[in-house]
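Below is input_22.txt, holding compact mmCIF, C-alpha atoms.
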# COMPACT_ATOMS: atom_id res chain seq x y z
CA SER A 15 20.38 18.78 19.91
CA PRO A 16 22.76 16.52 21.89
CA SER A 17 25.21 19.29 22.79
CA ARG A 18 25.14 22.94 23.84
CA TYR A 19 27.80 23.62 21.20
CA LEU A 20 25.46 22.50 18.40
CA ALA A 21 22.49 24.30 19.94
CA ASP A 22 24.47 27.55 19.97
CA ALA A 23 25.35 27.02 16.31
CA TYR A 24 21.65 26.66 15.44
CA ILE A 25 20.82 29.83 17.38
CA ARG A 26 23.51 31.74 15.47
CA GLY A 27 21.93 30.37 12.29
CA GLY A 28 18.60 31.98 13.18
CA PHE A 29 16.70 29.13 14.86
CA SER A 30 14.49 30.09 17.78
CA TRP A 31 16.05 28.99 21.09
CA HIS A 32 12.68 28.54 22.84
CA ARG A 33 11.70 25.81 20.34
CA MET A 34 14.84 23.80 21.03
CA ARG A 35 15.50 21.03 23.55
CA GLN A 36 18.86 19.61 24.48
CA LEU A 37 18.96 15.82 24.75
CA TRP A 38 22.23 13.93 25.00
CA ASN A 39 22.79 10.86 22.85
CA GLY A 40 21.97 7.66 24.69
CA ILE A 41 24.48 4.87 25.20
CA ASP A 42 23.94 1.22 26.00
CA THR A 43 25.89 1.24 29.27
CA LYS A 44 25.10 -2.45 29.91
CA LYS A 45 27.14 -3.35 26.83
CA TYR A 46 30.28 -2.04 28.54
CA ALA A 47 29.43 -2.81 32.18
CA ASN A 48 31.36 -6.09 32.26
CA MET A 49 34.39 -4.97 30.27
CA ARG A 50 37.55 -6.34 31.86
CA LYS A 51 40.80 -4.54 31.19
CA LYS A 52 43.74 -6.63 30.01
CA GLN A 53 46.75 -5.86 32.16
CA SER A 54 49.94 -4.70 30.51
CA GLU A 55 53.28 -3.14 31.36
CA LYS A 56 52.48 -0.58 28.66
CA PHE A 57 50.57 2.65 29.26
CA ARG A 58 48.03 2.47 26.45
CA ILE A 59 46.49 5.60 24.92
CA ALA A 60 43.69 4.97 22.43
CA PHE A 61 41.96 6.86 19.65
CA VAL A 62 38.97 5.47 17.73
CA GLY A 63 37.65 7.14 14.60
CA HIS A 64 38.41 8.49 11.16
CA PHE A 65 42.04 9.22 10.31
CA GLY A 66 41.40 12.76 9.07
CA GLU A 67 43.52 15.86 9.58
CA HIS A 68 40.74 17.47 11.65
CA LYS A 69 40.99 14.70 14.27
CA GLY A 70 44.42 15.89 15.42
CA ILE A 71 45.97 12.41 15.74
CA GLU A 72 49.30 13.94 14.73
CA LEU A 73 49.26 15.77 18.08
CA LEU A 74 48.99 12.49 19.98
CA ILE A 75 51.97 11.05 18.08
CA ARG A 76 54.03 14.17 18.74
CA ALA A 77 53.05 14.20 22.42
CA ALA A 78 54.17 10.58 22.83
CA ALA A 79 57.49 11.42 21.17
CA ARG A 80 57.95 14.40 23.51
CA LEU A 81 57.59 12.23 26.58
CA LYS A 82 60.35 9.81 25.49
CA ARG A 83 58.84 6.96 27.51
CA LYS A 84 59.18 3.55 25.90
CA ASN A 85 56.27 2.11 27.87
CA ILE A 86 53.74 4.30 26.03
CA GLU A 87 51.72 2.48 23.37
CA ILE A 88 49.28 4.34 21.12
CA GLU A 89 46.24 2.31 20.00
CA LEU A 90 44.82 3.71 16.75
CA ALA A 91 41.56 2.10 15.60
CA GLY A 92 40.22 3.34 12.29
CA ASP A 93 41.36 4.29 8.83
CA GLY A 94 41.44 7.30 6.55
CA GLU A 95 43.43 9.51 4.23
CA GLU A 96 46.03 10.46 6.85
CA TYR A 97 47.14 6.87 7.58
CA ASP A 98 50.37 7.04 5.58
CA ASN A 99 51.20 10.48 6.98
CA TYR A 100 50.89 9.15 10.54
CA ARG A 101 53.26 6.29 9.78
CA HIS A 102 55.78 8.64 8.17
CA LEU A 103 55.59 11.05 11.12
CA ALA A 104 56.03 8.19 13.59
CA VAL A 105 59.12 6.99 11.73
CA GLU A 106 60.51 10.53 11.68
CA LEU A 107 59.96 10.89 15.44
CA GLY A 108 61.18 7.39 16.26
CA VAL A 109 57.94 6.11 17.78
CA LEU A 110 56.51 3.82 15.08
CA SER A 111 57.23 0.75 17.25
CA GLN A 112 55.03 2.33 19.93
CA ILE A 113 51.95 2.60 17.70
CA ARG A 114 49.49 -0.23 17.18
CA PHE A 115 47.23 0.15 14.14
CA TRP A 116 44.03 -1.83 14.70
CA GLY A 117 42.51 -1.06 11.32
CA LYS A 118 38.87 -0.20 10.77
CA LEU A 119 36.68 -2.15 13.20
CA ASN A 120 32.96 -2.73 13.55
CA ASN A 121 31.27 -1.03 16.48
CA SER A 122 30.79 -4.44 18.09
CA ASP A 123 34.60 -4.83 18.18
CA MET A 124 35.27 -1.55 20.00
CA ILE A 125 35.20 -3.23 23.40
CA ARG A 126 38.36 -5.13 22.36
CA VAL A 127 40.16 -1.80 22.00
CA PHE A 128 38.82 -0.40 25.27
CA ALA A 129 39.94 -3.56 27.09
CA GLU A 130 43.48 -2.57 26.13
CA THR A 131 43.16 1.14 26.91
CA ASP A 132 44.40 3.04 29.97
CA VAL A 133 43.37 6.50 28.77
CA TYR A 134 41.24 7.58 25.82
CA CYS A 135 42.37 10.61 23.82
CA LEU A 136 40.40 12.74 21.37
CA PRO A 137 42.82 15.46 20.14
CA SER A 138 40.51 17.05 17.54
CA VAL A 139 41.45 20.43 16.13
CA TRP A 140 37.87 21.23 15.13
CA PRO A 141 34.79 21.39 17.41
CA GLU A 142 33.14 18.00 17.86
CA ASN A 143 29.43 17.77 18.62
CA GLN A 144 29.11 14.98 21.18
CA PRO A 145 31.71 12.30 20.42
CA VAL A 146 30.34 8.79 20.82
CA SER A 147 33.85 7.45 21.40
CA ILE A 148 34.18 9.53 24.58
CA THR A 149 30.85 8.29 25.95
CA GLU A 150 31.88 4.69 25.20
CA ALA A 151 35.25 5.13 26.91
CA MET A 152 33.56 6.63 29.96
CA ALA A 153 31.04 3.77 30.06
CA CYS A 154 34.07 1.47 30.35
CA GLY A 155 35.48 3.51 33.23
CA ILE A 156 38.38 4.88 31.17
CA PRO A 157 39.71 8.40 31.89
CA VAL A 158 39.65 10.80 28.94
CA ILE A 159 41.94 13.52 27.61
CA ALA A 160 40.37 15.72 24.93
CA SER A 161 40.92 19.05 23.23
CA ASP A 162 39.11 21.98 24.83
CA LEU A 163 36.62 22.44 22.00
CA GLY A 164 32.90 22.05 21.25
CA GLY A 165 31.02 19.17 22.82
CA ASN A 166 34.19 17.75 24.42
CA ARG A 167 33.77 20.40 27.11
CA GLU A 168 30.38 19.03 28.13
CA LEU A 169 31.53 15.43 28.47
CA VAL A 170 34.96 15.97 29.98
CA ARG A 171 34.83 17.78 33.32
CA HIS A 172 38.39 18.99 33.64
CA GLY A 173 40.07 17.55 36.73
CA ILE A 174 37.01 15.41 37.58
CA ASN A 175 36.64 12.70 34.93
CA GLY A 176 39.51 13.67 32.64
CA PHE A 177 41.62 16.49 31.29
CA LEU A 178 41.04 19.11 28.60
CA PHE A 179 44.11 20.44 26.78
CA ARG A 180 44.73 23.46 24.58
CA PRO A 181 43.66 22.62 21.00
CA GLY A 182 46.62 22.07 18.70
CA ASP A 183 49.14 22.10 21.57
CA ASP A 184 51.01 18.78 21.69
CA GLN A 185 53.17 20.00 24.59
CA ASP A 186 50.10 20.62 26.75
CA LEU A 187 48.74 17.21 25.70
CA ALA A 188 52.05 15.59 26.68
CA GLU A 189 51.87 17.20 30.13
CA LYS A 190 48.33 15.91 30.66
CA ILE A 191 49.42 12.40 29.63
CA ARG A 192 52.43 12.58 31.97
CA THR A 193 50.23 13.60 34.91
CA LEU A 194 47.90 10.61 34.41
CA MET A 195 50.73 8.16 33.76
CA ASP A 196 52.34 9.05 37.06
CA ASP A 197 49.18 8.89 39.18
CA GLU A 198 47.27 5.61 39.20
CA SER A 199 44.82 6.87 41.82
CA LEU A 200 43.92 9.79 39.53
CA GLN A 201 43.36 7.37 36.65
CA LYS A 202 40.90 5.43 38.80
CA SER A 203 39.07 8.48 40.17
CA PHE A 204 38.67 9.95 36.66
CA GLY A 205 37.45 6.61 35.31
CA ASP A 206 34.97 6.10 38.14
CA ALA A 207 33.62 9.66 37.80
CA GLY A 208 33.13 9.30 34.05
CA LYS A 209 31.34 5.99 34.44
CA LYS A 210 29.03 7.42 37.10
CA MET A 211 28.18 10.45 34.96
CA ILE A 212 27.50 8.55 31.74
CA ARG A 213 25.18 6.10 33.53
CA ARG A 214 22.63 8.91 33.72
CA TYR A 215 22.44 8.90 29.93
CA ASP A 216 21.70 5.23 29.39
CA ILE A 217 19.85 4.60 26.11
CA SER A 218 16.64 3.59 27.92
CA ASN A 219 16.57 6.86 29.87
CA GLN A 220 17.26 8.96 26.80
CA ALA A 221 14.65 7.12 24.73
CA SER A 222 12.04 7.89 27.41
CA GLU A 223 13.10 11.54 27.44
CA LEU A 224 12.77 11.71 23.65
CA LEU A 225 9.26 10.27 23.81
CA ASN A 226 8.34 12.87 26.42
CA ILE A 227 9.57 15.63 24.10
CA TYR A 228 7.48 14.28 21.20
CA ARG A 229 4.42 13.99 23.43
CA SER A 230 4.78 17.54 24.64
structure tokens encoding of this file:
Amino acid sequence: SPSRYLADAYIRGGFSWHRMRQLWNGIDTKKYANMRKKQSEKFRIAFVGHFGEHKGIELLIRAAARLKRKNIEIELAGDGEEYDNYRHLAVELGVLSQIRFWGKLNNSDMIRVFAETDVYCLPSVWPENQPVSITEAMACGIPVIASDLGGNRELVRHGINGFLFRPGDDQDLAEKIRTLMDDESLQKSFGDAGKKMIRRYDISNQASELLNIYRS
């Protein structure tokens, strides 16, 4: 199991805890090691993934509208059934011009999004297991804001490498965004801390750990 959240779910389902091992997903940190951020006057907040109601992207749009800052740009990479609803909501709130829809991209193209990202946001309203998008953002040295649910809690150490916000609360999300926008040194310290942490879970290390588990 890659996350404690999922392990707990298995235990509640009747699986024996002493037969379980927790092993985080591995990430190819070398792939992102040389990512160079493109500078911009915009403060760019990115989400990568499926455009489903459970992902809480509506909260990010509402939070941006609350802040009333024209230099915010939301980078949405993906596609899904909620696409039209997001556009309609953005029009209603007057922030459509501040949203950039990247479309559905291949994994190999994700680094293009991260190169134009100042903070990564995962506003899910359901418990994630261990979101790959967060590990990729951290490997790029990008600070993260995520809902305080499931596996997000294991990756995001609140106040150390990012912020956790109350699930479903766009006002709390807006406050977390405002804090990071106004503190460049905090952006850097969060990004550096996330990158340092995720290095321990490089794919080569995790593959060796998995082999050790099989051998035992």
TODO: Just give me the gap between CA of Glu87 (chain A) and CA of Val109 (chain A) in Å, one decimal is fine.
DONE: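 Rounded to one decimal, the two atoms are 9.1 Å apart.
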- [ ] For Leu74 (chain A), work out the shell of residues within 10 Å, counting all atoms listed in the file and skipping chain neighbours fewer than 4 positions away, then give it as a PyMOL selection string.
- [x] chain A and resi 59-61+70+78-80+88+135-138+182-185+187-188+191
Keeping only C-alpha atoms, take the residues you just selected and write them out as a short mmCIF file (atom, residue, chain, number, x, y, z; two decimals), keeping the file's coordinate frame.
data_model
loop_
_atom_site.label_atom_id
_atom_site.label_comp_id
_atom_site.auth_asym_id
_atom_site.auth_seq_id
_atom_site.Cartn_x
_atom_site.Cartn_y
_atom_site.Cartn_z
CA ILE A 59 46.49 5.60 24.92
CA ALA A 60 43.69 4.97 22.43
CA PHE A 61 41.96 6.86 19.65
CA GLY A 70 44.42 15.89 15.42
CA ALA A 78 54.17 10.58 22.83
CA ALA A 79 57.49 11.42 21.17
CA ARG A 80 57.95 14.40 23.51
CA ILE A 88 49.28 4.34 21.12
CA CYS A 135 42.37 10.61 23.82
CA LEU A 136 40.40 12.74 21.37
CA PRO A 137 42.82 15.46 20.14
CA SER A 138 40.51 17.05 17.54
CA GLY A 182 46.62 22.07 18.70
CA ASP A 183 49.14 22.10 21.57
CA ASP A 184 51.01 18.78 21.69
CA GLN A 185 53.17 20.00 24.59
CA LEU A 187 48.74 17.21 25.70
CA ALA A 188 52.05 15.59 26.68
CA ILE A 191 49.42 12.40 29.63
#
Task: Closest of A:Phe128, A:Trp140, A:Tyr228, A:Phe179 to Ala47 (chain A) - atom-to-atom distances counting only C-alpha atoms - done: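 Once distances to Ala47 (chain A) are computed over only C-alpha atoms, the minimum belongs to A:Phe128.
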- [ ] Take CA of Lys52 (chain A) and CA of Gly92 (chain A) and report the distance between them in Å, one decimal.
- [x]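 Straight-line distance from CA of Lys52 (chain A) to CA of Gly92 (chain A) works out to 20.6 Å.
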Asn120 (chain A) surroundings by all atoms listed in the file, 12 Å radius, close-in-sequence under 2 positions cut, as a compact mmCIF listing (two decimals) with C-alpha atoms, in the frame of the given file:
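To be explicit, this is the file written out as out35.txt:
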# COMPACT_ATOMS: atom_id res chain seq x y z
CA VAL A 62 38.97 5.47 17.73
CA GLY A 63 37.65 7.14 14.60
CA ALA A 91 41.56 2.10 15.60
CA GLY A 92 40.22 3.34 12.29
CA ASP A 93 41.36 4.29 8.83
CA TRP A 116 44.03 -1.83 14.70
CA GLY A 117 42.51 -1.06 11.32
CA LYS A 118 38.87 -0.20 10.77
CA SER A 122 30.79 -4.44 18.09
CA ASP A 123 34.60 -4.83 18.18
CA MET A 124 35.27 -1.55 20.00
CA ILE A 125 35.20 -3.23 23.40
CA ARG A 126 38.36 -5.13 22.36
CA VAL A 127 40.16 -1.80 22.00
Open item on the list: What does the structure give for the distance between CA of Leu194 (chain A) and CA of Arg114 (chain A), in Å to one decimal?
Closed with: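 Between CA of Leu194 (chain A) and CA of Arg114 (chain A) the gap works out to 20.4 Å.
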- [ ] Find the residues around Ile25 (chain A) up to 10 Å (all atoms listed in the file counted), leave out those fewer than 6 positions away in its own chain, and share them as a ChimeraX atom specification.
- [x] /A:31-32,34
Produce a file of the selected residues containing C-alpha atoms, as a compact mmCIF listing (two decimals), in the coordinates of the input.
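selection15.txt, freshly written:
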# COMPACT_ATOMS: atom_id res chain seq x y z
CA TRP A 31 16.05 28.99 21.09
CA HIS A 32 12.68 28.54 22.84
CA MET A 34 14.84 23.80 21.03
Which residues are close to region 148-164 of chain A, i.e. within 7 Å by only C-alpha atoms, leaving aside same-chain residues fewer than 5 positions away? Reply as a PDB file with C-alpha atoms, keeping the file's coordinate frame.
ATOM      1  CA  TYR A  19      27.800  23.620  21.200  1.00  0.00           C
ATOM      2  CA  THR A  43      25.890   1.240  29.270  1.00  0.00           C
ATOM      3  CA  TYR A  46      30.280  -2.040  28.540  1.00  0.00           C
ATOM      4  CA  ALA A  47      29.430  -2.810  32.180  1.00  0.00           C
ATOM      5  CA  MET A  49      34.390  -4.970  30.270  1.00  0.00           C
ATOM      6  CA  PHE A 128      38.820  -0.400  25.270  1.00  0.00           C
ATOM      7  CA  ASP A 132      44.400   3.040  29.970  1.00  0.00           C
ATOM      8  CA  VAL A 133      43.370   6.500  28.770  1.00  0.00           C
ATOM      9  CA  TYR A 134      41.240   7.580  25.820  1.00  0.00           C
ATOM     10  CA  CYS A 135      42.370  10.610  23.820  1.00  0.00           C
ATOM     11  CA  LEU A 136      40.400  12.740  21.370  1.00  0.00           C
ATOM     12  CA  PRO A 137      42.820  15.460  20.140  1.00  0.00           C
ATOM     13  CA  SER A 138      40.510  17.050  17.540  1.00  0.00           C
ATOM     14  CA  PRO A 141      34.790  21.390  17.410  1.00  0.00           C
ATOM     15  CA  GLU A 142      33.140  18.000  17.860  1.00  0.00           C
ATOM     16  CA  ASN A 143      29.430  17.770  18.620  1.00  0.00           C
ATOM     17  CA  ASN A 175      36.640  12.700  34.930  1.00  0.00           C
ATOM     18  CA  GLY A 176      39.510  13.670  32.640  1.00  0.00           C
ATOM     19  CA  PHE A 177      41.620  16.490  31.290  1.00  0.00           C
ATOM     20  CA  LEU A 178      41.040  19.110  28.600  1.00  0.00           C
ATOM     21  CA  PHE A 179      44.110  20.440  26.780  1.00  0.00           C
ATOM     22  CA  ARG A 180      44.730  23.460  24.580  1.00  0.00           C
ATOM     23  CA  PRO A 181      43.660  22.620  21.000  1.00  0.00           C
ATOM     24  CA  GLN A 201      43.360   7.370  36.650  1.00  0.00           C
ATOM     25  CA  PHE A 204      38.670   9.950  36.660  1.00  0.00           C
ATOM     26  CA  GLY A 205      37.450   6.610  35.310  1.00  0.00           C
ATOM     27  CA  ASP A 206      34.970   6.100  38.140  1.00  0.00           C
ATOM     28  CA  GLY A 208      33.130   9.300  34.050  1.00  0.00           C
ATOM     29  CA  LYS A 209      31.340   5.990  34.440  1.00  0.00           C
ATOM     30  CA  ILE A 212      27.500   8.550  31.740  1.00  0.00           C
TER      31      ILE A 212
END
